[in-house]
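Novice: My structure is in start.txt, and what it holds is compact mmCIF, all heavy atoms:
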```txt
# COMPACT_ATOMS: atom_id res chain seq x y z
N MET A 1 -39.75 -62.59 -106.39
CA MET A 1 -38.81 -61.99 -107.32
C MET A 1 -39.17 -62.43 -108.74
O MET A 1 -39.39 -63.59 -109.02
CB MET A 1 -37.40 -62.46 -106.97
CG MET A 1 -36.39 -62.03 -107.99
SD MET A 1 -34.67 -62.48 -107.67
CE MET A 1 -34.78 -63.96 -106.73
N ILE A 2 -39.22 -61.47 -109.63
CA ILE A 2 -39.51 -61.73 -111.04
C ILE A 2 -38.23 -61.50 -111.85
O ILE A 2 -37.64 -60.42 -111.77
CB ILE A 2 -40.63 -60.81 -111.56
CG1 ILE A 2 -41.93 -61.10 -110.78
CG2 ILE A 2 -40.84 -61.00 -113.05
CD1 ILE A 2 -43.05 -60.15 -111.08
N LEU A 3 -37.81 -62.51 -112.58
CA LEU A 3 -36.61 -62.38 -113.41
C LEU A 3 -37.02 -61.91 -114.80
O LEU A 3 -38.02 -62.35 -115.34
CB LEU A 3 -35.88 -63.72 -113.48
CG LEU A 3 -35.41 -64.28 -112.14
CD1 LEU A 3 -34.77 -65.64 -112.33
CD2 LEU A 3 -34.47 -63.34 -111.45
N ASP A 4 -36.22 -61.02 -115.38
CA ASP A 4 -36.53 -60.42 -116.67
C ASP A 4 -36.02 -61.22 -117.86
O ASP A 4 -36.07 -60.75 -118.98
CB ASP A 4 -35.93 -59.01 -116.76
CG ASP A 4 -36.60 -58.03 -115.81
OD1 ASP A 4 -37.73 -58.32 -115.37
OD2 ASP A 4 -36.01 -57.00 -115.53
N TYR A 5 -35.46 -62.40 -117.63
CA TYR A 5 -34.88 -63.17 -118.73
C TYR A 5 -35.33 -64.61 -118.66
O TYR A 5 -35.86 -65.06 -117.66
CB TYR A 5 -33.34 -63.07 -118.71
CG TYR A 5 -32.75 -62.95 -117.33
CD1 TYR A 5 -32.54 -64.05 -116.54
CD2 TYR A 5 -32.42 -61.70 -116.83
CE1 TYR A 5 -32.01 -63.92 -115.28
CE2 TYR A 5 -31.89 -61.57 -115.55
CZ TYR A 5 -31.69 -62.68 -114.79
OH TYR A 5 -31.18 -62.54 -113.53
N GLU A 6 -35.11 -65.31 -119.76
CA GLU A 6 -35.49 -66.71 -119.87
C GLU A 6 -34.42 -67.45 -120.66
O GLU A 6 -33.54 -66.81 -121.26
CB GLU A 6 -36.86 -66.83 -120.54
CG GLU A 6 -36.94 -66.20 -121.89
CD GLU A 6 -38.37 -66.18 -122.43
OE1 GLU A 6 -39.30 -65.90 -121.67
OE2 GLU A 6 -38.51 -66.47 -123.62
N PRO A 7 -34.43 -68.78 -120.67
CA PRO A 7 -33.40 -69.53 -121.41
C PRO A 7 -33.28 -69.06 -122.85
O PRO A 7 -34.28 -68.81 -123.52
CB PRO A 7 -33.89 -70.97 -121.32
CG PRO A 7 -34.64 -71.01 -120.02
CD PRO A 7 -35.33 -69.66 -119.93
N GLY A 8 -32.03 -68.88 -123.29
CA GLY A 8 -31.75 -68.42 -124.64
C GLY A 8 -31.40 -66.94 -124.70
O GLY A 8 -30.78 -66.49 -125.66
N ASP A 9 -31.79 -66.17 -123.67
CA ASP A 9 -31.48 -64.74 -123.65
C ASP A 9 -29.99 -64.50 -123.45
O ASP A 9 -29.31 -65.28 -122.77
CB ASP A 9 -32.25 -64.03 -122.53
CG ASP A 9 -33.72 -63.86 -122.83
OD1 ASP A 9 -34.11 -64.04 -124.00
OD2 ASP A 9 -34.47 -63.53 -121.89
N LYS A 10 -29.50 -63.41 -124.01
CA LYS A 10 -28.11 -62.99 -123.84
C LYS A 10 -28.06 -61.99 -122.67
O LYS A 10 -28.89 -61.08 -122.60
CB LYS A 10 -27.58 -62.30 -125.09
CG LYS A 10 -27.65 -63.16 -126.34
CD LYS A 10 -26.59 -64.21 -126.35
CE LYS A 10 -26.61 -64.93 -127.70
NZ LYS A 10 -25.81 -66.08 -127.74
N VAL A 11 -27.09 -62.19 -121.77
CA VAL A 11 -26.96 -61.34 -120.60
C VAL A 11 -25.48 -61.02 -120.33
O VAL A 11 -24.59 -61.67 -120.86
CB VAL A 11 -27.55 -62.01 -119.33
CG1 VAL A 11 -29.04 -62.22 -119.47
CG2 VAL A 11 -26.86 -63.34 -119.04
N THR A 12 -25.26 -60.00 -119.50
CA THR A 12 -23.93 -59.70 -118.99
C THR A 12 -24.02 -59.55 -117.49
O THR A 12 -25.10 -59.32 -116.94
CB THR A 12 -23.35 -58.40 -119.59
OG1 THR A 12 -24.21 -57.31 -119.25
CG2 THR A 12 -23.18 -58.48 -121.08
N ASN A 13 -22.88 -59.67 -116.84
CA ASN A 13 -22.80 -59.41 -115.41
C ASN A 13 -22.12 -58.04 -115.25
O ASN A 13 -20.91 -57.94 -115.45
CB ASN A 13 -21.98 -60.50 -114.71
CG ASN A 13 -21.85 -60.26 -113.22
OD1 ASN A 13 -22.24 -59.22 -112.71
ND2 ASN A 13 -21.30 -61.24 -112.53
N PRO A 14 -22.88 -57.00 -114.93
CA PRO A 14 -22.31 -55.66 -114.83
C PRO A 14 -21.16 -55.56 -113.81
O PRO A 14 -20.29 -54.71 -113.94
CB PRO A 14 -23.48 -54.78 -114.39
CG PRO A 14 -24.70 -55.57 -114.67
CD PRO A 14 -24.30 -57.01 -114.66
N ASN A 15 -21.14 -56.45 -112.82
CA ASN A 15 -20.09 -56.44 -111.80
C ASN A 15 -18.81 -57.13 -112.26
O ASN A 15 -17.77 -56.95 -111.65
CB ASN A 15 -20.60 -57.09 -110.51
CG ASN A 15 -21.78 -56.35 -109.93
OD1 ASN A 15 -21.85 -55.13 -110.00
ND2 ASN A 15 -22.72 -57.08 -109.38
N ASN A 16 -18.90 -57.96 -113.30
CA ASN A 16 -17.74 -58.69 -113.84
C ASN A 16 -17.80 -58.66 -115.36
O ASN A 16 -18.11 -59.66 -116.00
CB ASN A 16 -17.73 -60.15 -113.36
CG ASN A 16 -17.06 -60.31 -112.03
OD1 ASN A 16 -16.02 -59.72 -111.79
ND2 ASN A 16 -17.65 -61.11 -111.18
N LYS A 17 -17.50 -57.52 -115.95
CA LYS A 17 -17.58 -57.37 -117.41
C LYS A 17 -16.59 -58.29 -118.13
O LYS A 17 -16.78 -58.63 -119.28
CB LYS A 17 -17.36 -55.92 -117.80
CG LYS A 17 -18.49 -55.02 -117.30
CD LYS A 17 -18.33 -53.62 -117.82
CE LYS A 17 -19.33 -52.69 -117.21
NZ LYS A 17 -20.67 -52.80 -117.72
N ASP A 18 -15.53 -58.73 -117.43
CA ASP A 18 -14.54 -59.63 -118.03
C ASP A 18 -15.14 -60.99 -118.40
O ASP A 18 -14.56 -61.72 -119.19
CB ASP A 18 -13.36 -59.84 -117.08
CG ASP A 18 -12.53 -58.59 -116.88
OD1 ASP A 18 -12.63 -57.66 -117.71
OD2 ASP A 18 -11.78 -58.54 -115.89
N TRP A 19 -16.27 -61.35 -117.81
CA TRP A 19 -16.91 -62.62 -118.13
C TRP A 19 -17.41 -62.63 -119.55
O TRP A 19 -17.59 -63.69 -120.14
CB TRP A 19 -18.07 -62.89 -117.18
CG TRP A 19 -17.68 -63.22 -115.78
CD1 TRP A 19 -16.43 -63.17 -115.23
CD2 TRP A 19 -18.54 -63.64 -114.73
NE1 TRP A 19 -16.46 -63.52 -113.91
CE2 TRP A 19 -17.76 -63.82 -113.57
CE3 TRP A 19 -19.90 -63.86 -114.64
CZ2 TRP A 19 -18.29 -64.23 -112.37
CZ3 TRP A 19 -20.43 -64.27 -113.44
CH2 TRP A 19 -19.62 -64.46 -112.31
N GLY A 20 -17.68 -61.47 -120.11
CA GLY A 20 -18.20 -61.37 -121.47
C GLY A 20 -19.70 -61.58 -121.52
O GLY A 20 -20.40 -61.52 -120.51
N ILE A 21 -20.19 -61.83 -122.71
CA ILE A 21 -21.62 -62.06 -122.92
C ILE A 21 -21.93 -63.51 -122.62
O ILE A 21 -21.18 -64.41 -122.99
CB ILE A 21 -22.02 -61.71 -124.36
CG1 ILE A 21 -21.80 -60.21 -124.61
CG2 ILE A 21 -23.47 -62.10 -124.65
CD1 ILE A 21 -21.97 -59.79 -126.05
N GLY A 22 -23.05 -63.73 -121.96
CA GLY A 22 -23.47 -65.08 -121.64
C GLY A 22 -24.84 -65.39 -122.16
O GLY A 22 -25.64 -64.48 -122.42
N GLN A 23 -25.13 -66.67 -122.32
CA GLN A 23 -26.45 -67.10 -122.72
C GLN A 23 -27.07 -67.88 -121.57
O GLN A 23 -26.45 -68.80 -121.03
CB GLN A 23 -26.39 -67.98 -123.96
CG GLN A 23 -27.76 -68.38 -124.45
CD GLN A 23 -27.68 -69.18 -125.74
OE1 GLN A 23 -26.65 -69.73 -126.09
NE2 GLN A 23 -28.79 -69.24 -126.44
N VAL A 24 -28.29 -67.49 -121.19
CA VAL A 24 -29.00 -68.17 -120.11
C VAL A 24 -29.31 -69.59 -120.55
O VAL A 24 -29.90 -69.81 -121.62
CB VAL A 24 -30.30 -67.41 -119.73
CG1 VAL A 24 -31.07 -68.17 -118.67
CG2 VAL A 24 -29.97 -66.00 -119.27
N GLN A 25 -28.91 -70.57 -119.74
CA GLN A 25 -29.15 -71.97 -120.04
C GLN A 25 -30.42 -72.47 -119.35
O GLN A 25 -31.23 -73.15 -119.95
CB GLN A 25 -27.96 -72.83 -119.60
CG GLN A 25 -26.65 -72.41 -120.23
CD GLN A 25 -26.63 -72.67 -121.72
OE1 GLN A 25 -26.81 -73.79 -122.15
NE2 GLN A 25 -26.41 -71.64 -122.50
N SER A 26 -30.55 -72.14 -118.05
CA SER A 26 -31.72 -72.59 -117.30
C SER A 26 -31.94 -71.69 -116.10
O SER A 26 -31.02 -70.99 -115.65
CB SER A 26 -31.55 -74.04 -116.83
OG SER A 26 -30.52 -74.13 -115.88
N ILE A 27 -33.17 -71.70 -115.60
CA ILE A 27 -33.53 -70.95 -114.40
C ILE A 27 -34.33 -71.89 -113.51
O ILE A 27 -35.37 -72.41 -113.93
CB ILE A 27 -34.39 -69.71 -114.75
CG1 ILE A 27 -33.64 -68.81 -115.71
CG2 ILE A 27 -34.80 -68.96 -113.48
CD1 ILE A 27 -34.48 -67.70 -116.31
N ILE A 28 -33.82 -72.12 -112.31
CA ILE A 28 -34.53 -72.94 -111.32
C ILE A 28 -34.59 -72.14 -110.04
O ILE A 28 -33.56 -71.85 -109.42
CB ILE A 28 -33.81 -74.29 -111.10
CG1 ILE A 28 -33.73 -75.06 -112.41
CG2 ILE A 28 -34.52 -75.09 -110.02
CD1 ILE A 28 -32.90 -76.31 -112.35
N ASN A 29 -35.79 -71.76 -109.67
CA ASN A 29 -36.03 -70.87 -108.53
C ASN A 29 -35.23 -69.59 -108.72
O ASN A 29 -35.45 -68.87 -109.67
CB ASN A 29 -35.73 -71.58 -107.21
CG ASN A 29 -36.64 -72.77 -106.98
OD1 ASN A 29 -37.81 -72.74 -107.37
ND2 ASN A 29 -36.13 -73.82 -106.38
N ASP A 30 -34.27 -69.31 -107.84
CA ASP A 30 -33.46 -68.08 -107.97
C ASP A 30 -32.06 -68.37 -108.49
O ASP A 30 -31.21 -67.50 -108.47
CB ASP A 30 -33.42 -67.33 -106.64
CG ASP A 30 -32.83 -68.17 -105.52
OD1 ASP A 30 -32.65 -69.39 -105.70
OD2 ASP A 30 -32.55 -67.61 -104.44
N LYS A 31 -31.83 -69.59 -108.98
CA LYS A 31 -30.53 -69.96 -109.54
C LYS A 31 -30.59 -69.92 -111.06
O LYS A 31 -31.45 -70.56 -111.68
CB LYS A 31 -30.13 -71.37 -109.11
CG LYS A 31 -30.09 -71.56 -107.61
CD LYS A 31 -28.89 -70.92 -107.00
CE LYS A 31 -28.72 -71.37 -105.57
NZ LYS A 31 -28.85 -70.36 -104.59
N VAL A 32 -29.70 -69.14 -111.66
CA VAL A 32 -29.66 -68.99 -113.11
C VAL A 32 -28.34 -69.55 -113.62
O VAL A 32 -27.27 -69.12 -113.18
CB VAL A 32 -29.78 -67.49 -113.50
CG1 VAL A 32 -29.81 -67.34 -115.01
CG2 VAL A 32 -31.02 -66.86 -112.88
N THR A 33 -28.38 -70.51 -114.52
CA THR A 33 -27.18 -71.06 -115.13
C THR A 33 -26.94 -70.32 -116.44
O THR A 33 -27.81 -70.27 -117.30
CB THR A 33 -27.33 -72.57 -115.39
OG1 THR A 33 -27.62 -73.23 -114.17
CG2 THR A 33 -26.05 -73.15 -115.97
N VAL A 34 -25.74 -69.73 -116.54
CA VAL A 34 -25.38 -68.93 -117.71
C VAL A 34 -24.04 -69.43 -118.25
O VAL A 34 -23.11 -69.67 -117.49
CB VAL A 34 -25.26 -67.44 -117.34
CG1 VAL A 34 -24.94 -66.60 -118.57
CG2 VAL A 34 -26.53 -66.93 -116.68
N ASN A 35 -23.96 -69.59 -119.57
CA ASN A 35 -22.71 -69.97 -120.21
C ASN A 35 -22.07 -68.70 -120.77
O ASN A 35 -22.51 -68.17 -121.78
CB ASN A 35 -22.98 -70.99 -121.32
CG ASN A 35 -21.72 -71.62 -121.84
OD1 ASN A 35 -20.64 -71.46 -121.26
ND2 ASN A 35 -21.83 -72.34 -122.92
N PHE A 36 -21.03 -68.20 -120.08
CA PHE A 36 -20.34 -66.97 -120.48
C PHE A 36 -19.21 -67.28 -121.45
O PHE A 36 -18.54 -68.30 -121.32
CB PHE A 36 -19.78 -66.24 -119.25
CG PHE A 36 -20.84 -65.59 -118.41
CD1 PHE A 36 -21.32 -66.21 -117.27
CD2 PHE A 36 -21.35 -64.35 -118.74
CE1 PHE A 36 -22.29 -65.61 -116.49
CE2 PHE A 36 -22.32 -63.74 -117.97
CZ PHE A 36 -22.80 -64.37 -116.84
N GLU A 37 -18.97 -66.36 -122.40
CA GLU A 37 -17.96 -66.60 -123.44
C GLU A 37 -16.55 -66.68 -122.91
O GLU A 37 -15.72 -67.39 -123.47
CB GLU A 37 -18.07 -65.53 -124.53
CG GLU A 37 -17.83 -64.11 -124.05
CD GLU A 37 -18.09 -63.07 -125.14
OE1 GLU A 37 -18.26 -63.44 -126.30
OE2 GLU A 37 -18.10 -61.88 -124.78
N ASN A 38 -16.22 -65.98 -121.82
CA ASN A 38 -14.83 -65.95 -121.34
C ASN A 38 -14.56 -66.84 -120.13
O ASN A 38 -13.40 -67.17 -119.88
CB ASN A 38 -14.43 -64.51 -120.99
CG ASN A 38 -14.44 -63.61 -122.20
OD1 ASN A 38 -14.24 -64.05 -123.32
ND2 ASN A 38 -14.68 -62.34 -121.98
N VAL A 39 -15.58 -67.22 -119.38
CA VAL A 39 -15.34 -68.01 -118.16
C VAL A 39 -16.15 -69.30 -118.10
O VAL A 39 -16.07 -70.04 -117.13
CB VAL A 39 -15.61 -67.18 -116.88
CG1 VAL A 39 -14.62 -66.06 -116.75
CG2 VAL A 39 -17.02 -66.65 -116.84
N GLY A 40 -16.93 -69.57 -119.14
CA GLY A 40 -17.70 -70.81 -119.17
C GLY A 40 -18.98 -70.72 -118.36
O GLY A 40 -19.52 -69.64 -118.13
N LYS A 41 -19.45 -71.87 -117.92
CA LYS A 41 -20.74 -71.96 -117.25
C LYS A 41 -20.64 -71.52 -115.79
O LYS A 41 -19.73 -71.93 -115.07
CB LYS A 41 -21.23 -73.40 -117.30
CG LYS A 41 -22.68 -73.53 -117.69
CD LYS A 41 -23.07 -74.95 -117.89
CE LYS A 41 -23.43 -75.14 -119.34
NZ LYS A 41 -24.06 -76.40 -119.61
N LYS A 42 -21.57 -70.67 -115.39
CA LYS A 42 -21.65 -70.19 -114.00
C LYS A 42 -23.09 -70.34 -113.53
O LYS A 42 -24.03 -70.11 -114.29
CB LYS A 42 -21.28 -68.71 -113.91
CG LYS A 42 -19.86 -68.39 -114.26
CD LYS A 42 -18.96 -68.65 -113.09
CE LYS A 42 -17.57 -68.14 -113.34
NZ LYS A 42 -16.66 -68.47 -112.29
N VAL A 43 -23.25 -70.71 -112.27
CA VAL A 43 -24.57 -70.71 -111.65
C VAL A 43 -24.64 -69.46 -110.79
O VAL A 43 -23.84 -69.26 -109.87
CB VAL A 43 -24.79 -71.98 -110.79
CG1 VAL A 43 -26.14 -71.92 -110.10
CG2 VAL A 43 -24.68 -73.23 -111.65
N ILE A 44 -25.58 -68.59 -111.13
CA ILE A 44 -25.72 -67.28 -110.49
C ILE A 44 -26.90 -67.31 -109.55
O ILE A 44 -27.99 -67.76 -109.93
CB ILE A 44 -25.96 -66.18 -111.57
CG1 ILE A 44 -24.90 -66.23 -112.66
CG2 ILE A 44 -26.09 -64.82 -110.94
CD1 ILE A 44 -23.52 -65.87 -112.24
N ASN A 45 -26.71 -66.81 -108.34
CA ASN A 45 -27.82 -66.62 -107.42
C ASN A 45 -28.43 -65.26 -107.73
O ASN A 45 -27.81 -64.22 -107.47
CB ASN A 45 -27.33 -66.69 -105.97
CG ASN A 45 -28.46 -66.62 -104.98
OD1 ASN A 45 -29.53 -66.08 -105.26
ND2 ASN A 45 -28.24 -67.15 -103.79
N ALA A 46 -29.63 -65.25 -108.29
CA ALA A 46 -30.26 -64.01 -108.73
C ALA A 46 -30.58 -63.06 -107.58
O ALA A 46 -30.82 -61.88 -107.80
CB ALA A 46 -31.52 -64.32 -109.52
N LYS A 47 -30.57 -63.56 -106.34
CA LYS A 47 -30.79 -62.68 -105.19
C LYS A 47 -29.56 -61.83 -104.92
O LYS A 47 -29.67 -60.75 -104.36
CB LYS A 47 -31.12 -63.51 -103.94
CG LYS A 47 -32.47 -64.17 -103.98
CD LYS A 47 -32.71 -64.93 -102.71
CE LYS A 47 -34.05 -65.64 -102.74
NZ LYS A 47 -34.27 -66.43 -101.54
N ASN A 48 -28.38 -62.32 -105.31
CA ASN A 48 -27.12 -61.63 -105.01
C ASN A 48 -26.53 -60.89 -106.19
O ASN A 48 -25.83 -59.90 -106.02
CB ASN A 48 -26.09 -62.63 -104.49
CG ASN A 48 -26.53 -63.31 -103.22
OD1 ASN A 48 -27.28 -62.75 -102.45
ND2 ASN A 48 -26.08 -64.53 -103.02
N ILE A 49 -26.75 -61.38 -107.40
CA ILE A 49 -26.16 -60.78 -108.61
C ILE A 49 -27.27 -60.49 -109.60
O ILE A 49 -28.04 -61.39 -109.95
CB ILE A 49 -25.13 -61.73 -109.26
CG1 ILE A 49 -23.98 -61.99 -108.30
CG2 ILE A 49 -24.62 -61.16 -110.58
CD1 ILE A 49 -22.98 -63.02 -108.80
N GLU A 50 -27.36 -59.25 -110.03
CA GLU A 50 -28.37 -58.88 -111.01
C GLU A 50 -27.73 -58.85 -112.40
O GLU A 50 -26.81 -58.08 -112.66
CB GLU A 50 -28.94 -57.50 -110.69
CG GLU A 50 -30.10 -57.13 -111.57
CD GLU A 50 -30.78 -55.85 -111.12
OE1 GLU A 50 -30.72 -55.53 -109.94
OE2 GLU A 50 -31.35 -55.18 -111.99
N LEU A 51 -28.18 -59.75 -113.26
CA LEU A 51 -27.67 -59.80 -114.62
C LEU A 51 -28.38 -58.76 -115.47
O LEU A 51 -29.53 -58.42 -115.22
CB LEU A 51 -27.90 -61.19 -115.21
CG LEU A 51 -27.20 -62.34 -114.50
CD1 LEU A 51 -27.67 -63.67 -115.04
CD2 LEU A 51 -25.70 -62.21 -114.61
N LYS A 52 -27.68 -58.27 -116.49
CA LYS A 52 -28.26 -57.27 -117.40
C LYS A 52 -28.60 -57.93 -118.72
O LYS A 52 -27.74 -58.54 -119.35
CB LYS A 52 -27.28 -56.12 -117.60
CG LYS A 52 -27.84 -55.02 -118.47
CD LYS A 52 -26.86 -53.89 -118.58
CE LYS A 52 -27.41 -52.83 -119.51
NZ LYS A 52 -26.45 -51.79 -119.78
N LEU A 53 -29.84 -57.83 -119.12
CA LEU A 53 -30.33 -58.40 -120.37
C LEU A 53 -29.83 -57.58 -121.55
O LEU A 53 -29.89 -56.35 -121.53
CB LEU A 53 -31.86 -58.44 -120.36
CG LEU A 53 -32.54 -59.07 -121.54
CD1 LEU A 53 -32.22 -60.56 -121.63
CD2 LEU A 53 -34.05 -58.89 -121.43
N ILE A 54 -29.33 -58.25 -122.58
CA ILE A 54 -28.91 -57.58 -123.81
C ILE A 54 -30.05 -57.72 -124.80
O ILE A 54 -30.46 -58.85 -125.13
CB ILE A 54 -27.62 -58.22 -124.39
CG1 ILE A 54 -26.49 -58.08 -123.41
CG2 ILE A 54 -27.28 -57.61 -125.73
CD1 ILE A 54 -25.24 -58.80 -123.82
N LYS A 55 -30.56 -56.61 -125.28
CA LYS A 55 -31.71 -56.66 -126.20
C LYS A 55 -31.29 -56.45 -127.61
O LYS A 55 -30.32 -55.93 -127.95
CB LYS A 55 -32.73 -55.61 -125.80
CG LYS A 55 -33.33 -55.93 -124.45
CD LYS A 55 -34.45 -55.00 -124.11
CE LYS A 55 -34.99 -55.39 -122.75
NZ LYS A 55 -36.17 -54.76 -122.39
```
Kindly transcribe the structure held in the file into C-alpha cells.

Specialist:
Amino acid sequence: MILDYEPGDKVTNPNNKDWGIGQVQSIINDKVTVNFENVGKKVINAKNIELKLIK
C-alpha cells in the first residue's frame, strides 16, 4: 500500500467530516496519526479509512 501523504500534510476524513481538517503527525506502517481540529489526535488504520489530502 502506498500512502499519498506525509507528515505535515493537511487531510480530512470523508467518512467523518465533523472531525474537521487534520494535520498528519506521523506514519508508521499502515498507522497514521492525525491531529484533527475538532476531535484532537486520532490514530487511523490506513487499511480501513482512506484520508483525503487537501492540496

Novice: Give the answer as one residue: which of A:Ile21, A:Ile54, A:Leu3, A:Val11 has the shortest atom-to-atom distance to Glu37 in chain A, using all atoms listed in the file?

Specialist: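 Nearest candidate to Glu37 in chain A out of A:Ile21, A:Ile54, A:Leu3, A:Val11: A:Ile21.
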
Novice: Please measure the separation of CG1 of Val24 in chain A and CB of Lys52 in chain A, giving the value in Å to one decimal.

Specialist: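 So the answer is 12.7 Å.
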
Novice: Could you tell me how far CE of Lys10 in chain A lies from atom O of Gln23 in chain A, in Å and to one decimal?

Specialist: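 Separating CE of Lys10 in chain A from atom O of Gln23 in chain A is a distance of 7.7 Å.
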
Novice: Would you pick out the contacts of range 28-36 of chain A at 4.5 Å or less, using all atoms listed in the file, so that residues sharing its chain but fewer than 2 positions from it are not included, and give the list as a ChimeraX atom specification?

Specialist: /A:1,3,5,11-13,19-26,38-47,51

Novice: Put the listed atoms of range 13-18 of chain A in a box along x, y and z with 8 Å added on every side and give me the centre and edge lengths in Å to one decimal, as JSON.

Specialist:
```
{"center_x": -18.2, "center_y": -57.2, "center_z": -114.3, "size_x": 28.9, "size_y": 25.0, "size_z": 25.9}
```
